[in-house]
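Peer 1: As input, take protein.txt (compact mmCIF, C-alpha atoms):
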# COMPACT_ATOMS: atom_id res chain seq x y z
CA MET N 1 27.91 22.13 -72.38
CA GLU N 2 24.86 23.63 -70.71
CA LYS N 3 23.24 20.20 -70.72
CA ASP N 4 26.23 18.69 -68.88
CA GLU N 5 26.11 21.47 -66.27
CA LEU N 6 22.40 20.95 -65.77
CA GLU N 7 22.89 17.22 -65.26
CA ASN N 8 25.65 17.92 -62.75
CA VAL N 9 23.38 20.29 -60.82
CA LEU N 10 20.55 17.74 -60.76
CA ALA N 11 22.90 14.97 -59.63
CA SER N 12 24.30 17.22 -56.90
CA GLY N 13 20.75 17.99 -55.72
CA ARG N 14 19.86 14.27 -55.54
CA ASP N 15 23.00 13.59 -53.50
CA ASN N 16 22.17 16.41 -51.09
CA ARG N 17 18.62 15.16 -50.63
CA LYS N 18 19.92 11.65 -49.99
CA ASN N 19 22.43 12.90 -47.43
CA ASN N 20 19.78 15.03 -45.74
CA GLY N 21 17.44 12.04 -45.52
CA THR N 22 20.19 9.98 -43.92
CA ASP N 23 20.93 12.75 -41.44
CA ASN N 24 17.24 13.14 -40.63
CA GLY N 25 16.92 9.41 -40.16
CA GLY N 26 19.84 9.44 -37.78
CA THR N 27 18.36 12.38 -35.92
CA ARG N 28 15.01 10.62 -35.60
CA ALA N 29 16.73 7.46 -34.35
CA GLU N 30 18.67 9.45 -31.78
CA ALA N 31 15.49 11.25 -30.68
CA ALA N 32 13.68 7.93 -30.28
CA LYS N 33 16.60 6.57 -28.29
CA ASN N 34 16.57 9.63 -26.04
CA ARG N 35 12.82 9.25 -25.48
CA GLU N 36 13.30 5.61 -24.53
CA GLY N 37 16.07 6.62 -22.17
CA GLY N 38 13.84 9.25 -20.59
CA ILE N 39 11.04 6.74 -20.13
CA GLY N 40 13.48 4.30 -18.57
CA ARG N 41 14.70 6.94 -16.14
CA ARG N 42 11.13 7.80 -15.17
CA GLU N 43 10.30 4.12 -14.65
CA ASN N 44 13.37 3.72 -12.43
CA LEU N 45 12.36 6.82 -10.47
CA ARG N 46 8.83 5.46 -10.02
CA LYS N 47 10.24 2.12 -8.86
CA ASP N 48 12.46 3.88 -6.34
CA LYS N 49 9.51 5.94 -5.11
CA THR N 50 6.83 3.26 -4.95
CA GLY N 51 8.06 -0.14 -6.04
CA ASN N 52 10.35 -0.71 -3.07
CA ALA N 53 8.07 1.05 -0.60
CA GLY N 54 6.52 -2.19 0.65
CA HIS N 55 9.83 -3.18 2.25
CA ARG N 56 10.08 -0.07 4.40
CA PRO N 57 9.34 -0.41 8.14
CA ALA N 58 6.56 2.18 7.97
CA ASP N 59 4.76 0.23 5.26
CA LEU N 60 5.19 -3.06 7.11
CA LEU N 61 3.69 -1.41 10.20
CA ARG N 62 0.84 -0.01 8.12
CA ALA N 63 0.14 -3.41 6.59
CA CYS N 64 0.11 -5.00 10.06
CA PHE N 65 -2.38 -2.44 11.38
CA ASP N 66 -4.55 -2.79 8.29
CA LYS N 67 -4.74 -6.56 8.56
CA THR N 68 -5.46 -6.45 12.29
CA LEU N 69 -8.24 -3.90 11.87
CA VAL N 70 -9.80 -5.82 9.01
CA TRP N 71 -10.02 -9.03 11.03
CA LEU N 72 -11.32 -7.19 14.09
CA ASN N 73 -14.07 -5.61 12.02
CA VAL N 74 -14.93 -8.95 10.42
CA PHE N 75 -15.13 -10.60 13.84
CA LEU N 76 -17.30 -7.85 15.33
CA PHE N 77 -19.63 -7.84 12.34
CA ALA N 78 -20.00 -11.62 12.45
CA MET N 79 -20.70 -11.44 16.19
CA MET N 80 -23.38 -8.81 15.56
CA VAL N 81 -25.04 -11.09 13.00
CA VAL N 82 -25.05 -14.03 15.42
CA VAL N 83 -26.26 -12.01 18.42
CA GLY N 84 -28.89 -10.20 16.32
CA THR N 85 -30.22 -13.49 14.99
CA TYR N 86 -30.37 -14.92 18.51
CA GLN N 87 -32.24 -11.85 19.74
CA ILE N 88 -34.85 -12.13 16.97
CA LEU N 89 -35.37 -15.83 17.59
CA VAL N 90 -35.86 -15.57 21.35
CA ARG N 91 -38.12 -12.53 21.00
CA TYR N 92 -40.51 -13.72 18.30
CA LEU N 93 -40.36 -17.51 18.68
CA PHE N 94 -40.05 -17.91 22.43
CA ASN N 95 -41.46 -14.52 23.49
CA ARG N 96 -38.54 -13.99 25.86
CA PRO N 97 -36.59 -10.87 24.81
CA SER N 98 -32.94 -10.86 25.82
CA THR N 99 -31.74 -7.59 27.34
CA VAL N 100 -28.16 -8.86 27.39
CA SER N 101 -28.06 -9.39 23.64
CA GLU N 102 -29.59 -5.96 23.00
CA GLU N 103 -26.97 -4.21 25.09
CA LEU N 104 -24.20 -6.30 23.58
CA LEU N 105 -25.36 -5.34 20.10
CA THR N 106 -25.32 -1.64 21.01
CA TYR N 107 -21.78 -1.64 22.34
CA THR N 108 -20.48 -3.94 19.60
CA PHE N 109 -21.89 -1.59 16.99
CA ALA N 110 -20.11 1.35 18.65
CA TRP N 111 -16.79 -0.54 18.61
CA LEU N 112 -17.31 -1.64 15.02
CA SER N 113 -18.04 1.91 13.88
CA LEU N 114 -14.90 3.36 15.47
CA LEU N 115 -12.61 0.56 14.31
CA ALA N 116 -14.00 0.69 10.77
CA ALA N 117 -13.56 4.48 10.71
CA THR N 118 -9.96 4.03 11.85
CA TYR N 119 -9.29 1.55 9.05
CA VAL N 120 -10.86 3.83 6.43
CA PHE N 121 -8.80 6.70 7.82
CA GLY N 122 -5.62 4.66 7.41
CA GLN N 123 -6.57 3.95 3.79
CA ARG N 124 -7.31 7.64 3.18
CA GLY N 125 -10.74 6.63 2.05
CA HIS N 126 -12.56 9.17 4.19
CA MET N 127 -14.59 11.97 2.64
CA ARG N 128 -12.76 15.13 1.74
CA MET N 129 -13.61 18.42 0.04
CA GLY N 130 -11.13 19.02 -2.73
CA PHE N 131 -12.33 22.39 -3.95
CA LEU N 132 -9.21 24.02 -2.45
CA ALA N 133 -6.64 21.25 -2.87
CA ASP N 134 -7.56 20.71 -6.52
CA ARG N 135 -6.77 24.36 -7.28
CA LEU N 136 -3.26 24.18 -5.84
CA GLU N 137 -0.15 22.73 -7.41
CA GLY N 138 3.43 21.99 -6.48
CA LYS N 139 4.74 23.37 -3.21
CA ASN N 140 1.45 24.95 -2.14
CA ARG N 141 -0.38 21.66 -2.51
CA ARG N 142 2.29 19.87 -0.53
CA VAL N 143 2.14 22.47 2.25
CA LEU N 144 -1.64 22.07 2.39
CA GLY N 145 -1.29 18.29 2.73
CA ILE N 146 1.24 18.62 5.55
CA GLY N 147 -0.92 21.19 7.34
CA THR N 148 -3.96 18.93 7.07
CA GLU N 149 -2.11 16.01 8.60
CA CYS N 150 -0.80 18.19 11.46
CA LEU N 151 -4.28 19.55 12.22
CA THR N 152 -5.72 16.05 12.24
CA ILE N 153 -3.02 14.85 14.63
CA ALA N 154 -3.72 17.76 16.99
CA PHE N 155 -7.49 17.20 16.89
CA THR N 156 -7.14 13.46 17.47
CA ALA N 157 -4.70 13.93 20.32
CA VAL N 158 -6.95 16.38 22.16
CA VAL N 159 -10.43 15.00 21.48
CA MET N 160 -9.99 11.25 21.08
CA VAL N 161 -6.87 10.41 23.08
CA TYR N 162 -6.95 12.93 25.94
CA GLY N 163 -10.74 13.21 26.04
CA GLY N 164 -11.17 9.46 25.63
CA ILE N 165 -8.80 8.70 28.51
CA ARG N 166 -10.61 11.15 30.75
CA ILE N 167 -14.08 9.73 30.01
CA THR N 168 -12.77 6.19 30.41
CA MET N 169 -11.33 6.94 33.84
CA LEU N 170 -14.48 8.75 34.98
CA THR N 171 -16.78 5.87 33.98
CA MET N 172 -14.78 2.94 35.33
CA THR N 173 -16.92 2.89 38.47
CA GLN N 174 -20.20 2.77 36.49
CA LYS N 175 -21.65 -0.59 35.51
CA THR N 176 -23.77 -1.41 32.49
CA ALA N 177 -27.36 -2.39 33.17
CA SER N 178 -27.39 -5.91 31.70
CA LEU N 179 -23.81 -7.00 31.11
CA GLY N 180 -22.56 -5.60 34.41
CA ILE N 181 -19.20 -4.50 33.00
CA PRO N 182 -17.60 -1.10 33.69
CA MET N 183 -18.64 1.58 31.23
CA GLY N 184 -14.97 2.54 31.02
CA CYS N 185 -14.39 -0.69 29.07
CA VAL N 186 -16.90 0.47 26.49
CA TYR N 187 -15.43 3.97 26.20
CA GLY N 188 -11.89 2.57 26.15
CA ILE N 189 -12.12 2.04 22.41
CA VAL N 190 -12.10 5.82 21.86
CA PRO N 191 -8.49 6.50 22.97
CA VAL N 192 -7.33 3.26 21.35
CA CYS N 193 -8.70 4.33 17.97
CA GLY N 194 -7.30 7.81 18.58
CA VAL N 195 -3.80 6.40 19.02
CA LEU N 196 -4.14 4.29 15.87
CA ILE N 197 -5.33 7.30 13.87
CA MET N 198 -2.37 9.32 15.14
CA ILE N 199 0.00 6.55 14.06
CA TYR N 200 -1.58 6.49 10.61
CA ASN N 201 -1.33 10.28 10.48
CA GLY N 202 2.33 10.16 11.47
CA MET N 203 3.08 7.76 8.63
CA ASN N 204 1.06 9.89 6.21
CA LEU N 205 2.93 12.99 7.37
CA MET N 206 6.32 11.35 6.80
CA GLU N 207 5.21 10.36 3.32
CA GLN N 208 4.03 13.90 2.62
CA ILE N 209 7.42 15.28 3.65
CA ALA N 210 9.43 12.62 1.81
CA PHE N 211 7.39 12.17 -1.36
CA GLY N 212 5.06 15.15 -1.43
CA ASP N 213 1.84 13.10 -1.50
CA GLY N 214 2.28 9.86 0.41
CA SER N 215 3.03 7.95 -2.79
CA GLY N 216 5.41 5.66 -0.97
CA ALA N 217 2.64 4.00 0.96
CA ALA N 218 1.86 0.38 0.41
CA GLY N 219 -1.39 -0.39 -1.29
CA GLY N 220 -3.10 2.28 -3.26
CA LYS N 221 -5.90 4.75 -3.22
CA ARG N 222 -4.03 6.64 -5.88
CA ASP N 223 -5.66 8.21 -8.87
CA ALA N 224 -4.34 6.40 -11.90
CA LYS N 225 -5.50 9.21 -14.20
CA ALA N 226 -3.26 11.75 -12.50
CA PRO N 227 0.42 10.71 -12.47
CA GLY N 228 2.01 11.46 -9.16
CA ALA N 229 -1.30 12.15 -7.43
CA GLY N 230 -1.45 10.85 -3.88
CA ARG N 231 -4.20 8.86 -2.27
CA ASN N 232 -5.78 11.97 -0.90
CA GLY N 233 -4.95 14.03 -3.97
CA THR N 234 -2.93 16.62 -2.05
CA GLY N 235 0.41 16.49 -3.77
CA GLY N 236 2.55 15.45 -6.71
CA THR N 237 5.67 13.29 -6.79
CA GLU N 238 8.88 14.03 -8.60
CA TYR N 239 7.92 11.27 -11.01
CA GLY N 240 4.65 13.00 -11.78
CA LYS N 241 6.42 16.30 -12.39
CA GLU N 242 9.00 14.75 -14.67
CA GLU N 243 6.35 12.85 -16.62
CA ARG N 244 4.30 15.99 -17.18
CA GLU N 245 7.40 17.75 -18.45
Would you give me this structure, written as structure tokens?
Peer 2:
Amino acid sequence: MEKDELENVLASGRDNRKNNGTDNGGTRAEAAKNREGGIGRRENLRKDKTGNAGHRPADLLRACFDKTLVWLNVFLFAMMVVVGTYQILVRYLFNRPSTVSEELLTYTFAWLSLLAATYVFGQRGHMRMGFLADRLEGKNRRVLGIGTECLTIAFTAVVMVYGGIRITMLTMTQKTASLGIPMGCVYGIVPVCGVLIMIYNGMNLMEQIAFGDGSGAAGGKRDAKAPGAGRNGTGGTEYGKEERE
């Protein structure tokens, strides 16, 4: 009798273990399904934030400016190579230095420097000190990014646009020594680049407000090691927050 009861207890224990294993397997399957669903939701959120960004008017405008600046810089650099080669040849082979080519090189280099800086600014590839921004997170980091963009817009508007227009108007009556063109034409690149930088800043500011870090911009200077990190590292997207959670 005791033997039969013992066998019944053992059989009951085996059944319980089997049922528990089935339940645990179902729980694990449900957990895996939930994880896959969460990943899918995060991927959809990332696509909404960044994948469709290239079709927005701001990104189309950014792409147009980028392409125009790239080709302008390529043209100016190629012209500097040609003019510099000509200047070397006429100076050392024919012993007849060209003052026109020397002046043209100087002004072309000034234009190239400002236009290249504008392009790098639009790509957020300029140097920054991240000792403060890297210590902030969430809302504080976003506020810092917005404040930085606003300060840059103010500085550009006062120094480059307003100051550039003033210096251009004051020097329109002056002529260059060799080329004979108004100096205002040379200084005119300053307010032009200032306006372009302000446009880039405006787009960056809208992205900071909408996404928290400019993650909706076309192209990418983003840090792939930090999900949700913007091109200038001053914010985090909702996707980044959800992924970290």
Peer 1: Report as a ChimeraX atom specification all protein, DNA and RNA residues lying within 9 Å of Ile165 (chain N), evaluated on only C-alpha atoms, omitting residues in the same chain fewer than 2 positions from it.
Peer 2: /N:160-163,167-170,187-188,190-191
Peer 1: Counting all atoms listed in the file, figure out which residue out of N:Val186, N:Ile146, N:Val90, N:Leu114 gets nearest to Glu207 (chain N).
Peer 2: N:Ile146
Peer 1: As an exercise, work out the distance from CA of Lys139 (chain N) to CA of Arg62 (chain N) in Å and give it to one decimal place.
Peer 2: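 It comes out at 26.3 Å.
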Peer 1: Which of these residues is nearest to Glu102 (chain N), using only C-alpha atoms: N:Ala63, N:Ala177, N:Met183, N:Leu136?
Peer 2: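 Among the listed residues, N:Ala177 lies closest to Glu102 (chain N).
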Peer 1: Considering all atoms listed in the file, can you say which of N:Leu144, N:Ala154, N:Met129, N:Val83 comes closest to Leu105 (chain N)?
Peer 2: N:Val83
Peer 1: When you count only C-alpha atoms, which of these residues is closest to Leu104 (chain N): N:Gly122, N:Gly194, N:Gly84, N:Gly184?
Peer 2: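 The answer is N:Gly84, which sits nearest to Leu104 (chain N).
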Peer 1: Kindly give the distance, in Å, that separates CA of Ile199 (chain N) and CA of Thr68 (chain N), rounded to a single decimal.
Peer 2: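 Computed distance, CA of Ile199 (chain N) to CA of Thr68 (chain N), equals 14.2 Å.
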Peer 1: I need the residue nearest Phe65 (chain N) from this list: N:Gly145, N:Leu115, N:Thr171, N:Phe211. Use all atoms listed in the file for the distance.
Peer 2: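 Looking only at the distances to Phe65 (chain N), the closest residue turns out to be N:Leu115.
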Peer 1: Show which residues sit within 9 Å of Leu179 (chain N), as a ChimeraX atom specification. Count only C-alpha atoms, and ignore same-chain residues fewer than 5 positions away.
Peer 2: /N:99-101,103-104
Peer 1: For each of N:Leu205, N:Lys175, N:Val195, N:Leu69, take the minimum atom-to-atom distance to Val120 (chain N), counting only C-alpha atoms, then give the residue where this is smallest.
Peer 2: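 Among the listed residues, the smallest separation from Val120 (chain N) belongs to N:Leu69.
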Peer 1: What is the distance between CA of Leu151 (chain N) and CA of Lys67 (chain N), in Å to one decimal?
Peer 2: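 One can read the CA of Leu151 (chain N) to CA of Lys67 (chain N) distance as 26.4 Å.
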